[in-house]
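Taking it in order: structure first as structure tokens, then the write-up.
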Amino acid sequence: MKFELKSFFQTSAAMACLAASSLAFSQDVFPNKTISLVVPFAAGGPTDVVARMIAIPMGKALGQTVLVENAVGAGGTIAAAKVARAAPTGYTLFLHHMGMSTAPALYKKLSFDPLKDFEYIGQVVDVPMTLLARKDFPPTTFTELQAYLKANGNKVSLANAGLGAVSHLCGLLFMSQMGVELNTIPYSGTGPAMNALLGGQVDLLCDQTTQTVPLIKDGRVKIYGVTTLNRLSALPNVPTLSEQGLKGFEVKVWHGMYAPKGTPAPVLDKLTAALRVAMQDPMVKQRLADLSSDIPPLDKISATGLKTHLEAEIIKWSPVIKKAGIYAD
């Protein structure tokens with residue numbers, strides 16, 4: 001009996017050591033197969049473009065292919081839930097924009113928790129926005145715009161790309177800080193909303209620089225300010241909304257990369273290192289510059305940087321969304 005117990009404990013100890021060794025080995029050789037980078041929007045969209053842009057240099061840094069996988073629907077929540085349930089091995093990653101910070105307030109029932117169900121790899125890219133008007137809208141300066149909105153209120157139409165879209169959130173924050181209620185008009189996407197502005201069917205629109213810079217430079221729209229705290233190199237003569245009186249006004253379509261909760265720290269470290277390499281790739285930097293997009297500082301391309309930013313953005317957007325009384329099923 002004593003021999004059997006001794007043999008049992010020796011066998012158990014050996015198995016435990018073997019399991020620990022196998023885990024350590026699997027982490028040491030990570031990655032040894034293709035990595036899936038899940039994107040919650042359709043191919044060709046802004047977030048998909050960012051994902052495919054960084055997938056190749058990130059894969060080179062890791063020595064394995066990073067394959068972009070589109071899982072669309074429900075404002076990104078379907079893809080987020082899918083990644084949250086995936087095995088925490090580092091082979092399933094998630095790239096999402098600021099929708100990760102607005103989902104808790106926007107959706108009554110959410111099958112994942114952005115702060116509890118993921119590990120953080122780092123911020124990826126920030127896309128600024130611009131406050132625009134149709135070309136013949138009366139106010140010519142932001143000061144004139146403020147007076148005009150105070151006097152005309154909901155007679156002024158503000159377009160957006162749909163419930164919970166960044167253009168919608170930007171408009172909500174703008175109205176909140178201005179203390180006005182405008183006539184908000186949702187469209188089925190940014191394209192239709194911009195077409196309505198260009199056609200003179202709506203007065204105002206808040207939209208990303210990736211779409212608006214060429215229109216601004218061609219004089220096809222009127223611009224009142226950019227939504228960053230500092231002026232943009234692509235539009236150096238356009239003041240920020242913050243410097244024109246809306247102190248601290250900042251809306252950027254920031255993106256972050258995540259992994260399922262429980263992904264081992266050594267694996268996360270390798271992924272963060274590869275992401276940093278990808279963000280410094282000359283072709284990536286040039287492409288992002290052409291799109292008037294910003295690469296975050298090195299300290300934000302980290303687990304701590306992304307987690308801190310996500311927490312701050314949830315605090316920022318939750319009261320704006322709740323005050324507006326909007327929600328999605």
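Labels used: A, B, ... for chains in the order of the structure tokens, numbers from 1 for residues in each chain, and numbers from 1 for ligands as shown.
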
**Request:** Find the spatial neighbours of region 177-194 of chain A, counting only C-alpha atoms, within a cut-off of 7 Å - ignore same-chain residues fewer than 4 positions away - and output them as number ranges by chain.
**Result:** A: 150, 153-162, 173, 198, 246

**Leu169 (chain A) environment, 12 Å, only C-alpha atoms, sequence neighbours closer than 6 positions dropped, as number ranges by chain** = A: 98-99, 101-103, 105-106, 129, 158-163, 175-176, 184, 186, 205-207, 250-253, 316-324, 326

For N, CA and C atoms, I'd like the residues from the last selection saved as a short mmCIF file (atom, residue, chain, number, x, y, z; two decimals), in the first residue's frame.
```cif
data_model
loop_
_atom_site.label_atom_id
_atom_site.label_comp_id
_atom_site.auth_asym_id
_atom_site.auth_seq_id
_atom_site.Cartn_x
_atom_site.Cartn_y
_atom_site.Cartn_z
N MET A 98 -13.15 52.50 -31.07
CA MET A 98 -13.68 53.04 -29.82
C MET A 98 -15.03 52.44 -29.43
N GLY A 99 -15.61 51.60 -30.32
CA GLY A 99 -16.84 50.91 -29.98
C GLY A 99 -16.72 50.04 -28.75
N SER A 101 -15.49 50.99 -26.04
CA SER A 101 -15.76 51.86 -24.88
C SER A 101 -17.21 52.33 -24.82
N THR A 102 -17.91 52.29 -25.93
CA THR A 102 -19.29 52.76 -25.95
C THR A 102 -20.30 51.62 -25.79
N ALA A 103 -19.88 50.40 -26.08
CA ALA A 103 -20.80 49.25 -26.02
C ALA A 103 -21.48 49.07 -24.66
N ALA A 105 -22.58 51.15 -22.49
CA ALA A 105 -23.70 52.07 -22.30
C ALA A 105 -24.73 51.95 -23.42
N LEU A 106 -24.26 51.57 -24.60
CA LEU A 106 -25.13 51.56 -25.78
C LEU A 106 -26.03 50.33 -25.83
N MET A 129 -11.18 63.53 -36.38
CA MET A 129 -12.43 63.87 -37.04
C MET A 129 -12.50 65.37 -37.28
N LEU A 158 -28.17 67.85 -38.16
CA LEU A 158 -26.85 67.25 -37.93
C LEU A 158 -26.92 65.79 -38.36
N ALA A 159 -26.22 65.44 -39.43
CA ALA A 159 -26.26 64.08 -39.95
C ALA A 159 -25.31 63.17 -39.16
N ASN A 160 -25.59 61.87 -39.21
CA ASN A 160 -24.66 60.88 -38.66
C ASN A 160 -24.81 59.58 -39.43
N ALA A 161 -23.88 58.65 -39.17
CA ALA A 161 -23.84 57.39 -39.92
C ALA A 161 -24.63 56.27 -39.24
N GLY A 162 -25.51 56.62 -38.32
CA GLY A 162 -26.33 55.62 -37.67
C GLY A 162 -26.12 55.55 -36.17
N LEU A 163 -27.03 54.88 -35.49
CA LEU A 163 -27.00 54.76 -34.03
C LEU A 163 -25.68 54.20 -33.54
N MET A 175 -23.09 68.58 -29.12
CA MET A 175 -24.30 69.21 -28.61
C MET A 175 -24.26 69.37 -27.10
N SER A 176 -23.70 68.37 -26.42
CA SER A 176 -23.62 68.42 -24.96
C SER A 176 -22.75 69.58 -24.50
N THR A 184 -31.00 65.75 -35.26
CA THR A 184 -30.08 64.71 -35.73
C THR A 184 -30.77 63.78 -36.72
N PRO A 186 -30.09 60.29 -38.85
CA PRO A 186 -29.24 59.12 -39.08
C PRO A 186 -29.32 58.63 -40.53
N LEU A 205 -22.07 67.80 -40.19
CA LEU A 205 -21.65 66.41 -40.08
C LEU A 205 -20.27 66.36 -39.43
N CYS A 206 -20.09 65.40 -38.53
CA CYS A 206 -18.79 65.15 -37.92
C CYS A 206 -18.27 63.86 -38.54
N ASP A 207 -17.12 63.93 -39.22
CA ASP A 207 -16.64 62.74 -39.94
C ASP A 207 -15.12 62.64 -39.92
N GLU A 250 -12.35 66.33 -27.55
CA GLU A 250 -11.49 65.40 -28.29
C GLU A 250 -12.27 64.15 -28.67
N VAL A 251 -12.32 63.88 -29.95
CA VAL A 251 -12.92 62.66 -30.46
C VAL A 251 -11.99 62.11 -31.53
N LYS A 252 -11.43 60.96 -31.26
CA LYS A 252 -10.58 60.28 -32.23
C LYS A 252 -11.05 58.83 -32.35
N VAL A 253 -11.05 58.34 -33.56
CA VAL A 253 -11.45 56.96 -33.77
C VAL A 253 -10.23 56.08 -33.46
N LYS A 316 -15.84 58.52 -20.15
CA LYS A 316 -16.16 59.70 -20.96
C LYS A 316 -17.48 59.55 -21.70
N TRP A 317 -17.69 58.38 -22.34
CA TRP A 317 -18.83 58.24 -23.24
C TRP A 317 -20.11 57.76 -22.57
N SER A 318 -20.01 57.02 -21.49
CA SER A 318 -21.22 56.47 -20.85
C SER A 318 -22.24 57.56 -20.48
N PRO A 319 -21.84 58.64 -19.81
CA PRO A 319 -22.85 59.66 -19.47
C PRO A 319 -23.41 60.38 -20.69
N VAL A 320 -22.59 60.52 -21.74
CA VAL A 320 -23.07 61.18 -22.97
C VAL A 320 -24.16 60.34 -23.61
N ILE A 321 -23.94 59.03 -23.69
CA ILE A 321 -24.90 58.12 -24.31
C ILE A 321 -26.17 58.03 -23.46
N LYS A 322 -26.00 57.91 -22.14
CA LYS A 322 -27.16 57.79 -21.25
C LYS A 322 -27.99 59.07 -21.25
N LYS A 323 -27.34 60.21 -21.28
CA LYS A 323 -28.06 61.49 -21.31
C LYS A 323 -28.89 61.61 -22.58
N ALA A 324 -28.34 61.07 -23.69
CA ALA A 324 -29.06 61.16 -24.96
C ALA A 324 -30.20 60.16 -25.02
N ILE A 326 -30.08 56.94 -25.80
CA ILE A 326 -30.00 56.01 -26.92
C ILE A 326 -29.51 54.65 -26.46
#
```

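The nearest approach to Pro128 (chain A) among the residues A:Ala312, A:Ala278, A:Leu232, A:Leu215, with only C-alpha atoms taken into account, belongs to A:Leu232.
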
**Request:** Enumerate as a VMD selection string all residues of region 33-222 of chain A assigned to helix (DSSP H, G or I) by DSSP on the backbone, naming them with the chain letters and numbers the document uses.
**Result:** chain A and resid 46 to 62 74 to 85 99 to 106 142 to 155 166 to 178 190 to 198 209 to 217

**Prompt:** Quick one: residues within 10 Å of Glu243 (chain A), only C-alpha atoms counted, chain neighbours fewer than 3 positions away excluded, as a ChimeraX atom specification?
**Reply:** /A:225-226,228-231,239-240,246-249

Atoms to include: N, CA and C atoms. Write the selected residues as a compact mmCIF listing (two decimals), in the first residue's frame.
```txt
# COMPACT_ATOMS: atom_id res chain seq x y z
N GLY A 225 -13.63 73.14 -37.51
CA GLY A 225 -12.58 72.75 -36.57
C GLY A 225 -12.31 71.25 -36.62
N VAL A 226 -11.19 70.87 -36.03
CA VAL A 226 -10.84 69.45 -35.92
C VAL A 226 -11.05 69.02 -34.48
N THR A 228 -9.27 67.09 -32.47
CA THR A 228 -8.10 66.70 -31.68
C THR A 228 -7.65 67.88 -30.83
N LEU A 229 -6.79 67.62 -29.85
CA LEU A 229 -6.31 68.70 -28.98
C LEU A 229 -5.23 69.52 -29.65
N ASN A 230 -4.59 68.95 -30.67
CA ASN A 230 -3.57 69.68 -31.44
C ASN A 230 -3.98 69.72 -32.90
N ARG A 231 -3.52 70.73 -33.60
CA ARG A 231 -3.84 70.86 -35.01
C ARG A 231 -3.23 69.71 -35.81
N PRO A 239 -8.14 75.42 -36.96
CA PRO A 239 -8.02 75.34 -35.50
C PRO A 239 -8.80 74.16 -34.92
N THR A 240 -8.41 73.76 -33.73
CA THR A 240 -9.15 72.70 -33.03
C THR A 240 -10.40 73.30 -32.40
N LEU A 246 -14.37 75.04 -26.90
CA LEU A 246 -14.87 73.78 -26.35
C LEU A 246 -13.70 73.05 -25.68
N LYS A 247 -13.30 73.54 -24.53
CA LYS A 247 -12.11 73.07 -23.84
C LYS A 247 -12.10 71.55 -23.65
N GLY A 248 -11.02 70.93 -24.08
CA GLY A 248 -10.85 69.50 -23.90
C GLY A 248 -11.65 68.65 -24.86
N PHE A 249 -12.31 69.27 -25.85
CA PHE A 249 -13.09 68.49 -26.81
C PHE A 249 -12.15 67.63 -27.64
```

**Request:** Excluding region 294-304 of chain A and residues on its chain fewer than 2 positions from it, collect all residues at most 7 Å away from it, counting only C-alpha atoms, and give them as a list in words.
**Result:**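 Once the adjacent positions are removed, what remains is Tyr120, Ile121, Gly122, Gln123, Val124, Val125, Asp126, Val127, Thr272, Arg276, Met279, Leu288, Ser292, Leu306, Lys307 and Thr308 of chain A.
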
**Request:** Point out the residue among A:Ser111, A:Asn70, A:Thr77, A:Thr92 with the least atom-to-atom distance to Leu271 (chain A), counting only C-alpha atoms.
**Result:** A:Thr92

Do you have, as a tab-separated table, the list of residues of region 233-320 of chain A lying at most 9 Å from region 138-149 of chain A, each with its nearest atom pair and that distance in Å to one decimal, counting only C-alpha atoms and ordered by chain then number?
```
residue	atom	partner	partner_atom	distance
A:Leu241	CA	A:Phe142	CA	8.3
A:Gln244	CA	A:Phe142	CA	7.3
A:Gly245	CA	A:Thr143	CA	8.9
```

Could you save the residues just selected, with C-alpha atoms, as a JSON list (two decimals), in the first residue's frame?
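Output file result_14.json is given in full below:
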```json
[["chain", "number", "residue", "atom", "x", "y", "z"],
["A", 241, "LEU", "CA", -12.57, 72.94, -31.42],
["A", 244, "GLN", "CA", -11.97, 77.78, -30.04],
["A", 245, "GLY", "CA", -13.81, 77.41, -26.75]]
```
